[in-house]
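Source file run_9.txt; content: compact mmCIF, C-alpha atoms and all ligand atoms.
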# COMPACT_ATOMS: atom_id res chain seq x y z
CA MET A 1 151.08 82.56 216.74
CA LEU A 2 153.60 85.26 215.82
CA LYS A 3 157.14 84.06 216.62
CA LYS A 4 159.46 85.81 214.18
CA ILE A 5 159.66 89.32 212.82
CA GLY A 6 162.00 90.87 210.27
CA ILE A 7 163.61 94.26 209.94
CA LEU A 8 165.08 95.99 206.90
CA THR A 9 166.39 99.41 205.93
CA SER A 10 165.65 100.72 202.45
CA GLY A 11 166.42 103.73 200.24
CA GLY A 12 169.07 106.29 201.31
CA ASP A 13 170.62 105.42 204.68
CA SER A 14 170.43 107.80 207.63
CA GLN A 15 171.98 108.10 211.07
CA GLY A 16 169.74 106.61 213.72
CA MET A 17 168.61 103.68 211.60
CA ASN A 18 170.79 101.44 213.79
CA ALA A 19 169.16 102.76 216.96
CA ALA A 20 165.79 101.88 215.44
CA ILE A 21 167.06 98.39 214.58
CA ALA A 22 168.29 97.99 218.16
CA GLY A 23 164.91 99.16 219.46
CA VAL A 24 163.13 96.54 217.38
CA ILE A 25 165.46 93.72 218.44
CA LYS A 26 165.28 94.57 222.16
CA THR A 27 161.52 95.08 222.21
CA ALA A 28 160.91 91.89 220.25
CA HIS A 29 163.23 89.97 222.57
CA ALA A 30 161.38 91.28 225.65
CA LYS A 31 158.11 90.08 224.13
CA GLY A 32 159.48 86.64 223.30
CA LEU A 33 159.91 87.18 219.56
CA GLU A 34 162.90 86.43 217.37
CA THR A 35 164.21 89.18 215.10
CA TYR A 36 165.64 88.50 211.65
CA ILE A 37 167.70 91.20 209.98
CA ILE A 38 167.26 91.39 206.22
CA ARG A 39 170.39 92.61 204.47
CA ASP A 40 170.24 95.35 201.81
CA GLY A 41 166.56 96.20 202.00
CA TYR A 42 164.09 94.68 199.57
CA LEU A 43 167.01 93.16 197.64
CA GLY A 44 167.71 90.90 200.65
CA LEU A 45 164.08 89.80 200.73
CA ILE A 46 164.21 88.43 197.21
CA ASN A 47 167.68 86.93 197.67
CA ASN A 48 166.93 85.38 201.07
CA TRP A 49 169.63 87.36 202.90
CA MET A 50 168.06 86.92 206.35
CA GLU A 51 169.62 85.99 209.68
CA VAL A 52 168.50 85.87 213.26
CA VAL A 53 170.15 88.27 215.73
CA ASP A 54 170.11 88.74 219.50
CA ASN A 55 170.41 91.54 222.07
CA ASN A 56 174.24 91.47 221.80
CA PHE A 57 173.87 92.58 218.20
CA ALA A 58 171.56 95.40 219.33
CA ASP A 59 174.01 96.56 222.00
CA SER A 60 176.85 96.93 219.52
CA ILE A 61 175.04 99.13 217.00
CA MET A 62 173.16 101.87 218.90
CA ARG A 63 175.90 104.47 218.46
CA LEU A 64 176.81 103.70 214.84
CA GLY A 65 175.99 105.77 211.77
CA GLY A 66 174.74 104.34 208.48
CA THR A 67 172.82 101.09 208.64
CA VAL A 68 174.77 98.00 209.66
CA ILE A 69 172.29 95.77 207.85
CA GLY A 70 172.77 97.61 204.55
CA SER A 71 170.33 99.41 202.32
CA ALA A 72 169.56 99.35 198.62
CA ARG A 73 167.31 100.74 195.97
CA LEU A 74 165.47 98.09 193.98
CA PRO A 75 163.13 99.62 191.35
CA GLU A 76 162.02 96.09 190.30
CA PHE A 77 160.22 95.77 193.64
CA LYS A 78 157.32 97.66 192.04
CA ASP A 79 156.68 94.50 190.01
CA PRO A 80 154.21 92.20 191.84
CA LYS A 81 156.05 89.09 190.56
CA VAL A 82 159.27 90.25 192.23
CA ARG A 83 157.39 90.91 195.45
CA GLU A 84 155.82 87.43 195.32
CA LYS A 85 159.33 86.00 195.60
CA ALA A 86 159.92 88.14 198.68
CA VAL A 87 156.67 87.01 200.29
CA ALA A 88 157.48 83.34 199.55
CA ASN A 89 160.94 83.69 201.14
CA LEU A 90 159.48 85.32 204.25
CA LYS A 91 156.79 82.67 204.61
CA LYS A 92 159.35 79.87 204.19
CA GLN A 93 161.34 81.39 207.05
CA GLY A 94 158.19 81.80 209.19
CA ILE A 95 158.47 85.61 209.29
CA ALA A 96 154.97 87.04 209.33
CA ALA A 97 155.68 90.72 209.93
CA LEU A 98 158.30 93.31 209.03
CA VAL A 99 159.54 96.67 210.23
CA VAL A 100 160.65 98.74 207.23
CA ILE A 101 162.81 101.83 207.84
CA GLY A 102 163.07 104.20 204.90
CA GLY A 103 161.57 107.06 202.96
CA ASP A 104 158.30 107.36 201.09
CA GLY A 105 159.40 104.96 198.31
CA SER A 106 160.11 102.32 200.93
CA TYR A 107 156.70 103.05 202.48
CA GLN A 108 155.08 102.15 199.14
CA GLY A 109 156.89 98.81 199.17
CA ALA A 110 155.76 98.20 202.78
CA GLN A 111 152.14 98.91 201.84
CA ARG A 112 152.28 96.51 198.86
CA LEU A 113 153.78 93.75 201.03
CA THR A 114 151.06 94.25 203.65
CA GLU A 115 148.45 93.82 200.91
CA MET A 116 150.18 90.53 200.05
CA GLY A 117 149.88 89.16 203.59
CA ILE A 118 153.05 90.37 205.36
CA ASN A 119 152.14 92.94 208.00
CA CYS A 120 154.56 95.83 207.62
CA ILE A 121 155.13 98.78 209.92
CA ALA A 122 157.10 101.67 208.44
CA LEU A 123 159.49 103.98 210.28
CA PRO A 124 160.59 107.33 208.80
CA GLY A 125 164.29 107.00 207.95
CA THR A 126 165.82 109.80 205.91
CA ILE A 127 167.98 112.85 206.58
CA ASP A 128 165.65 114.97 204.41
CA ASN A 129 162.79 115.36 206.95
CA ASP A 130 160.35 114.99 204.07
CA ILE A 131 158.01 112.38 205.54
CA THR A 132 155.06 114.52 206.46
CA SER A 133 153.42 112.02 208.80
CA SER A 134 156.24 112.63 211.29
CA ASP A 135 157.46 115.94 212.72
CA TYR A 136 161.01 114.62 212.46
CA THR A 137 162.53 111.82 210.44
CA ILE A 138 165.28 109.55 211.73
CA GLY A 139 168.55 111.12 210.50
CA PHE A 140 167.47 114.74 210.27
CA ASP A 141 168.77 115.87 213.66
CA THR A 142 172.23 114.40 213.05
CA ALA A 143 172.36 115.82 209.52
CA ILE A 144 171.59 119.35 210.67
CA ASN A 145 174.17 119.07 213.45
CA ILE A 146 176.77 118.08 210.85
CA VAL A 147 175.79 121.03 208.66
CA VAL A 148 175.93 123.46 211.60
CA GLU A 149 179.40 122.20 212.49
CA ALA A 150 180.50 122.69 208.87
CA ILE A 151 179.06 126.23 208.82
CA ASP A 152 180.91 127.03 212.07
CA ARG A 153 184.19 125.90 210.52
CA LEU A 154 183.53 127.79 207.31
CA ARG A 155 182.69 130.92 209.29
CA ASP A 156 186.09 130.73 211.03
CA THR A 157 188.06 130.71 207.82
CA MET A 158 185.77 133.13 205.94
CA GLN A 159 186.03 135.58 208.84
CA SER A 160 189.83 135.28 208.88
CA HIS A 161 190.07 135.98 205.16
CA ASN A 162 187.16 138.38 204.64
CA ARG A 163 185.42 135.99 202.24
CA CYS A 164 182.02 134.63 201.28
CA SER A 165 181.07 130.96 201.42
CA ILE A 166 178.28 129.23 199.54
CA VAL A 167 177.29 125.98 201.29
CA GLU A 168 175.16 123.48 199.39
CA VAL A 169 173.28 120.95 201.52
CA MET A 170 171.12 117.89 200.79
CA GLY A 171 167.39 117.49 201.25
CA HIS A 172 166.21 116.35 197.83
CA ALA A 173 163.23 118.65 197.15
CA CYS A 174 162.80 119.51 200.83
CA GLY A 175 164.48 122.63 202.25
CA ASP A 176 164.43 121.64 205.93
CA ILE A 177 168.13 120.83 206.21
CA ALA A 178 169.07 124.20 204.68
CA LEU A 179 166.52 126.13 206.71
CA TYR A 180 167.07 124.58 210.14
CA ALA A 181 170.86 124.32 209.86
CA GLY A 182 171.12 127.72 208.17
CA ILE A 183 169.26 129.43 211.00
CA ALA A 184 171.07 127.42 213.73
CA GLY A 185 174.44 128.07 212.09
CA GLY A 186 173.93 131.83 211.81
CA ALA A 187 173.87 131.96 208.00
CA ASP A 188 173.37 135.34 206.34
CA ILE A 189 171.32 134.15 203.37
CA ILE A 190 169.28 130.95 202.93
CA SER A 191 167.75 129.72 199.69
CA ILE A 192 165.34 126.77 199.66
CA ASN A 193 163.13 125.36 196.93
CA GLU A 194 159.91 126.98 198.07
CA ALA A 195 161.63 130.36 198.55
CA ALA A 196 164.42 130.18 196.02
CA LEU A 197 166.48 133.30 195.34
CA SER A 198 167.77 133.78 191.80
CA GLU A 199 171.53 133.63 191.31
CA THR A 200 171.52 137.36 190.51
CA LYS A 201 169.56 138.14 193.67
CA ILE A 202 172.06 136.22 195.81
CA ALA A 203 174.97 138.08 194.16
CA GLU A 204 173.25 141.44 194.70
CA ARG A 205 172.53 140.69 198.34
CA VAL A 206 176.08 139.57 199.05
CA ALA A 207 177.34 142.73 197.32
CA THR A 208 175.14 144.83 199.61
CA LEU A 209 176.48 143.05 202.69
CA HIS A 210 180.02 143.74 201.42
CA GLN A 211 179.23 147.44 201.30
CA THR A 212 178.37 147.33 205.02
CA GLN A 213 181.94 146.14 205.76
CA LYS A 214 180.67 142.73 206.83
CA ARG A 215 183.76 140.61 207.42
CA SER A 216 182.30 137.29 206.17
CA VAL A 217 179.13 136.02 204.52
CA ILE A 218 177.65 132.53 204.64
CA VAL A 219 175.01 131.56 202.08
CA VAL A 220 173.26 128.20 202.63
CA VAL A 221 171.44 126.72 199.65
CA SER A 222 169.48 123.50 199.13
CA GLU A 223 170.72 121.07 196.51
CA MET A 224 168.99 120.90 193.13
CA ILE A 225 168.20 124.63 192.93
CA TYR A 226 171.39 125.86 191.24
CA PRO A 227 172.99 123.78 188.48
CA ASP A 228 176.53 124.46 189.74
CA VAL A 229 177.29 126.23 193.02
CA HIS A 230 180.91 126.73 191.99
CA LYS A 231 179.69 128.84 189.07
CA LEU A 232 177.35 130.63 191.46
CA ALA A 233 180.38 131.39 193.67
CA LYS A 234 182.18 132.91 190.65
CA LEU A 235 179.17 135.12 189.91
CA VAL A 236 178.95 136.23 193.55
CA GLU A 237 182.69 136.97 193.56
CA SER A 238 182.47 139.04 190.38
CA LYS A 239 179.58 141.14 191.71
CA SER A 240 180.32 141.42 195.40
CA GLY A 241 183.99 142.11 196.02
CA TYR A 242 184.37 139.06 198.30
CA ILE A 243 186.60 136.19 197.29
CA THR A 244 183.92 133.48 197.26
CA ARG A 245 184.18 129.71 197.63
CA ALA A 246 181.55 127.00 197.30
CA THR A 247 181.40 123.86 199.45
CA VAL A 248 179.11 120.95 198.62
CA LEU A 249 178.65 118.99 201.84
CA GLY A 250 177.18 115.99 199.99
CA HIS A 251 177.26 112.59 201.63
CA THR A 252 179.19 113.82 204.70
CA GLN A 253 175.68 114.73 205.90
CA ARG A 254 174.66 111.06 205.89
CA GLY A 255 177.53 109.66 207.98
CA GLY A 256 178.82 109.67 211.53
CA ASN A 257 177.34 108.78 214.90
CA PRO A 258 173.71 109.72 215.48
CA THR A 259 172.94 112.43 218.05
CA ALA A 260 171.34 111.48 221.36
CA MET A 261 168.01 112.93 220.20
CA GLU A 262 168.17 110.85 217.03
CA ARG A 263 168.77 107.64 218.96
CA TYR A 264 166.05 108.49 221.47
CA ARG A 265 163.41 109.17 218.82
CA ALA A 266 164.42 106.19 216.69
CA PHE A 267 164.38 103.82 219.65
CA GLN A 268 160.98 105.02 220.84
CA MET A 269 159.44 104.71 217.40
CA ALA A 270 160.91 101.22 217.04
CA GLN A 271 159.41 100.10 220.35
CA PHE A 272 156.04 101.41 219.23
CA ALA A 273 156.38 99.63 215.89
CA VAL A 274 156.90 96.25 217.54
CA GLU A 275 153.92 96.87 219.82
CA GLN A 276 151.78 97.44 216.71
CA ILE A 277 153.01 94.21 215.16
CA ILE A 278 152.17 92.30 218.33
CA VAL A 279 148.55 93.46 218.26
CA GLY A 280 148.33 92.26 214.66
CA ALA A 281 148.46 95.64 212.90
CA GLY A 282 149.98 96.14 209.45
CA GLY A 283 150.24 98.86 206.83
CA LEU A 284 150.98 101.54 209.42
CA ALA A 285 153.43 104.44 209.32
CA ILE A 286 154.90 105.47 212.66
CA GLY A 287 155.83 109.05 213.34
CA ASN A 288 156.26 111.56 216.11
CA HIS A 289 154.05 114.54 216.76
CA GLY A 290 155.33 116.71 219.57
CA ASP A 291 156.17 114.29 222.37
CA GLN A 292 153.79 111.64 221.12
CA ILE A 293 154.47 108.63 218.94
CA ILE A 294 151.64 108.07 216.50
CA ALA A 295 150.57 105.53 213.88
CA ARG A 296 148.62 106.17 210.69
CA PRO A 297 147.72 104.00 207.70
CA ILE A 298 150.64 104.23 205.25
CA MET A 299 148.49 105.47 202.37
CA GLU A 300 147.04 108.22 204.56
CA ALA A 301 150.54 109.12 205.75
CA LEU A 302 151.76 109.40 202.15
CA SER A 303 148.92 111.73 201.23
CA ILE A 304 149.66 114.41 203.85
CA PRO A 305 150.93 117.55 202.10
CA ARG A 306 154.31 118.94 203.13
CA PRO A 307 153.89 121.86 205.56
CA SER A 308 155.06 125.15 204.09
CA ARG A 309 158.21 126.62 205.59
CA LYS A 310 157.70 129.96 203.84
CA GLU A 311 156.79 131.81 207.03
CA ILE A 312 159.86 130.57 208.88
CA TRP A 313 162.03 131.46 205.89
CA ALA A 314 160.44 134.91 205.52
CA LYS A 315 160.99 135.69 209.22
CA PHE A 316 164.65 134.79 208.83
CA ASP A 317 164.97 136.72 205.57
CA GLU A 318 163.52 139.83 207.20
CA LEU A 319 166.65 140.15 209.33
CA ASN A 320 168.71 141.80 206.59
CA GLN A 321 165.89 143.50 204.69
CA ASN A 322 166.69 146.92 206.18
CA ILE A 323 170.22 146.64 204.77
CA TYR A 324 169.10 145.47 201.32
CA GLN A 325 166.46 148.18 201.09
CA LYS A 326 168.93 150.95 201.86
CA SER A 327 171.20 150.00 198.97
P1 LIG B 401 163.16 106.20 199.87
O1 LIG B 401 162.55 105.05 200.56
O2 LIG B 401 164.31 106.78 200.59
O3 LIG B 401 162.13 107.20 199.40
P2 LIG B 401 163.28 105.19 197.16
O4 LIG B 401 162.25 106.12 196.62
O5 LIG B 401 164.49 104.91 196.32
O6 LIG B 401 163.88 105.63 198.55
O7 LIG B 401 162.53 103.82 197.47
C1 LIG B 401 163.24 102.74 198.06
C2 LIG B 401 162.78 101.45 197.47
O8 LIG B 401 161.38 101.24 197.78
C3 LIG B 401 162.82 101.38 195.95
O9 LIG B 401 164.11 101.13 195.45
C4 LIG B 401 161.88 100.21 195.72
O10 LIG B 401 162.54 98.99 196.02
C5 LIG B 401 160.80 100.42 196.79
N1 LIG B 401 159.65 101.09 196.19
C6 LIG B 401 159.54 102.39 195.82
N2 LIG B 401 158.33 102.64 195.27
C7 LIG B 401 157.65 101.48 195.28
C8 LIG B 401 156.34 101.06 194.85
N3 LIG B 401 155.49 101.90 194.28
N4 LIG B 401 156.00 99.77 195.04
C9 LIG B 401 156.84 98.89 195.61
N5 LIG B 401 158.09 99.21 196.02
C10 LIG B 401 158.49 100.47 195.88
O1 LIG B 402 167.14 111.07 200.44
C1 LIG B 402 168.36 111.24 201.06
C2 LIG B 402 169.35 111.85 200.11
O2 LIG B 402 170.58 111.97 200.82
C3 LIG B 402 168.95 113.19 199.49
O3 LIG B 402 169.14 114.27 200.38
C4 LIG B 402 169.87 113.22 198.30
O4 LIG B 402 169.31 114.03 197.26
C5 LIG B 402 169.92 111.78 197.87
O5 LIG B 402 169.58 110.99 199.01
C6 LIG B 402 171.26 111.34 197.38
O6 LIG B 402 171.14 110.04 196.92
P1 LIG B 402 172.39 109.11 196.58
O7 LIG B 402 172.98 108.67 197.88
O8 LIG B 402 171.78 108.00 195.80
O9 LIG B 402 173.36 109.95 195.80

Hey, can you dump this file as structure tokens for me?
Ligand code: ADP
Ligand code: F6P
Amino acid sequence: MLKKIGILTSGGDSQGMNAAIAGVIKTAHAKGLETYIIRDGYLGLINNWMEVVDNNFADSIMRLGGTVIGSARLPEFKDPKVREKAVANLKKQGIAALVVIGGDGSYQGAQRLTEMGINCIALPGTIDNDITSSDYTIGFDTAINIVVEAIDRLRDTMQSHNRCSIVEVMGHACGDIALYAGIAGGADIISINEAALSETKIAERVATLHQTQKRSVIVVVSEMIYPDVHKLAKLVESKSGYITRATVLGHTQRGGNPTAMERYRAFQMAQFAVEQIIVGAGGLAIGNHGDQIIARPIMEALSIPRPSRKEIWAKFDELNQNIYQKS
């Protein structure tokens, strides 16, 4: 009979992971199960960094950013021999099932472990919103709120000084942070991977906005499109007439307390994950779809193509087209 379950966080951390951990601990406790936290993701599995925790632990972490149990990247985990060590450690401890919170790399690890006899349930933890089996990933809502706050602050000072600001945000290859936060923050220009504007195009557009006497311009760009946004700022400055500054928000987007919506979604998904474990399921990816929490086989979840955001981007981009076309 199932008595003990484990939980780990893996890959890049994200706000809300702690709320998910708390959800697992509290649900497990209510169902008479013990929860073991595994420190530093898959690294902790092979090094036996496991300890039992109670509801007091859960109560103290709900509001915290990051992951209090630590996360790591461990490329060696792709090696079956390394994973055998993890499975042996879990079995020695009597832990028969695991909740894994992470991105698609972590999902792969969870699938492999399930095939080796440890039932794993995966939760989508990343600020990037790039896990297609879930409408929203744990961390995304907080990250976009951080970016919107940064844009608001930048707008204040750009408006005071009649300047242009280029804001680079994270997202890996996914443009959701730039798109959602750019729209919510009232950006003037947004550039994402699937609708990337050339550096020259950005400079031309900013120059056109300058001609309309616009007091400030905010350009939000996804990371990994432009080799150096500070150089891009110099180009924009030379072509547009605005003094232009670049700000790379970087890891500030991955810290700080999770929003209420983040905690709510993370907690609900965690409860659902434990329910799946209790009925003996493994190899499932949990996600949300509208108001529903859903479960799919991990391999199916990983094969869902990323929805295109081109239409949303194009609708936003239309807003200034009349100005660009006049110039
Ligand atoms: P994320 O989970 O955020 O996508 P990574 O891609 O770095 O982050 O993956 C996190 C960890 O998942 C890796 O460091 C590795 O330990 C494990 N992992 C990734 N791919 C595999 C795989 N094919 N098989 C087993 N484990 C994997
Ligand atoms: O996947 C989350 C993420 O923050 C990406 O947005 C970013 O590209 C990457 O991780 C940064 O990774 P690291 O923390 O290893 O620099």

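Taking all atoms listed in the file into account, the protein and nucleic acid residues that come at most 6 Å from ligand LIG 402 (chain B) are Gly12, Thr126, Ile127, Asp128, Met170, Gly171 and His172 of chain A.
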
Could you list as a PyMOL selection string every residue that has an atom within 9 Å of (156.1, 106.3, 214.2), using the file's coordinates and counting only C-alpha atoms?
chain A and resi 121-124+133-134+266+268-270+272-273+284-289+293-296

Next, write the just-selected residues to a file, as an mmCIF file, in the frame of the given file, keeping C-alpha atoms as the atom set.
data_model
loop_
_atom_site.group_PDB
_atom_site.id
_atom_site.type_symbol
_atom_site.label_atom_id
_atom_site.label_comp_id
_atom_site.auth_asym_id
_atom_site.auth_seq_id
_atom_site.Cartn_x
_atom_site.Cartn_y
_atom_site.Cartn_z
ATOM 1 C CA ILE A 121 155.130 98.780 209.920
ATOM 2 C CA ALA A 122 157.100 101.670 208.440
ATOM 3 C CA LEU A 123 159.490 103.980 210.280
ATOM 4 C CA PRO A 124 160.590 107.330 208.800
ATOM 5 C CA SER A 133 153.420 112.020 208.800
ATOM 6 C CA SER A 134 156.240 112.630 211.290
ATOM 7 C CA ALA A 266 164.420 106.190 216.690
ATOM 8 C CA GLN A 268 160.980 105.020 220.840
ATOM 9 C CA MET A 269 159.440 104.710 217.400
ATOM 10 C CA ALA A 270 160.910 101.220 217.040
ATOM 11 C CA PHE A 272 156.040 101.410 219.230
ATOM 12 C CA ALA A 273 156.380 99.630 215.890
ATOM 13 C CA LEU A 284 150.980 101.540 209.420
ATOM 14 C CA ALA A 285 153.430 104.440 209.320
ATOM 15 C CA ILE A 286 154.900 105.470 212.660
ATOM 16 C CA GLY A 287 155.830 109.050 213.340
ATOM 17 C CA ASN A 288 156.260 111.560 216.110
ATOM 18 C CA HIS A 289 154.050 114.540 216.760
ATOM 19 C CA ILE A 293 154.470 108.630 218.940
ATOM 20 C CA ILE A 294 151.640 108.070 216.500
ATOM 21 C CA ALA A 295 150.570 105.530 213.880
ATOM 22 C CA ARG A 296 148.620 106.170 210.690
#

How big is the axis-aligned box around all listed atoms of ligand LIG 401 (chain B) once 8 Å goes on each side, and where's its centre, in Å to one decimal, as AutoDock Vina command-line options?
--center_x 160.0 --center_y 103.0 --center_z 197.4 --size_x 25.0 --size_y 24.3 --size_z 22.3

Just the residues within 8 Å of Cys174 (chain A), please, counting only C-alpha atoms, with nothing from its chain fewer than 6 positions along; format it as a list in words.
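Within the cut-off, the hits are Asp128, Asn129, Asp130, Ile192, Asn193 and Ser222 of chain A.
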
Using all atoms listed in the file, which residues sit within 10 Å of region 229-237 of chain A once same-chain residues fewer than 5 positions away are excluded, as a compact mmCIF listing (two decimals) with C-alpha atoms, keeping the file's coordinate frame?
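The resulting file, around_18.txt, is reproduced below:
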# COMPACT_ATOMS: atom_id res chain seq x y z
CA ARG A 163 185.42 135.99 202.24
CA CYS A 164 182.02 134.63 201.28
CA SER A 165 181.07 130.96 201.42
CA ILE A 166 178.28 129.23 199.54
CA VAL A 167 177.29 125.98 201.29
CA GLU A 168 175.16 123.48 199.39
CA GLU A 199 171.53 133.63 191.31
CA THR A 200 171.52 137.36 190.51
CA LYS A 201 169.56 138.14 193.67
CA ILE A 202 172.06 136.22 195.81
CA ALA A 203 174.97 138.08 194.16
CA GLU A 204 173.25 141.44 194.70
CA ARG A 205 172.53 140.69 198.34
CA VAL A 206 176.08 139.57 199.05
CA ALA A 207 177.34 142.73 197.32
CA VAL A 219 175.01 131.56 202.08
CA VAL A 221 171.44 126.72 199.65
CA GLU A 223 170.72 121.07 196.51
CA MET A 224 168.99 120.90 193.13
CA TYR A 242 184.37 139.06 198.30
CA ILE A 243 186.60 136.19 197.29
CA THR A 244 183.92 133.48 197.26
CA ARG A 245 184.18 129.71 197.63
CA ALA A 246 181.55 127.00 197.30
CA THR A 247 181.40 123.86 199.45
CA VAL A 248 179.11 120.95 198.62

If we count all atoms listed in the file, what is near Ala150 (chain A) at a cut-off of 9 Å, once residues fewer than 4 positions away on the same chain are taken out, given as a PyMOL selection string?
chain A and resi 145-146+154-155+167+185+249

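Atom to atom, CA of Glu115 (chain A) and atom O2 of ligand LIG 401 (chain B) stand 20.5 Å apart.
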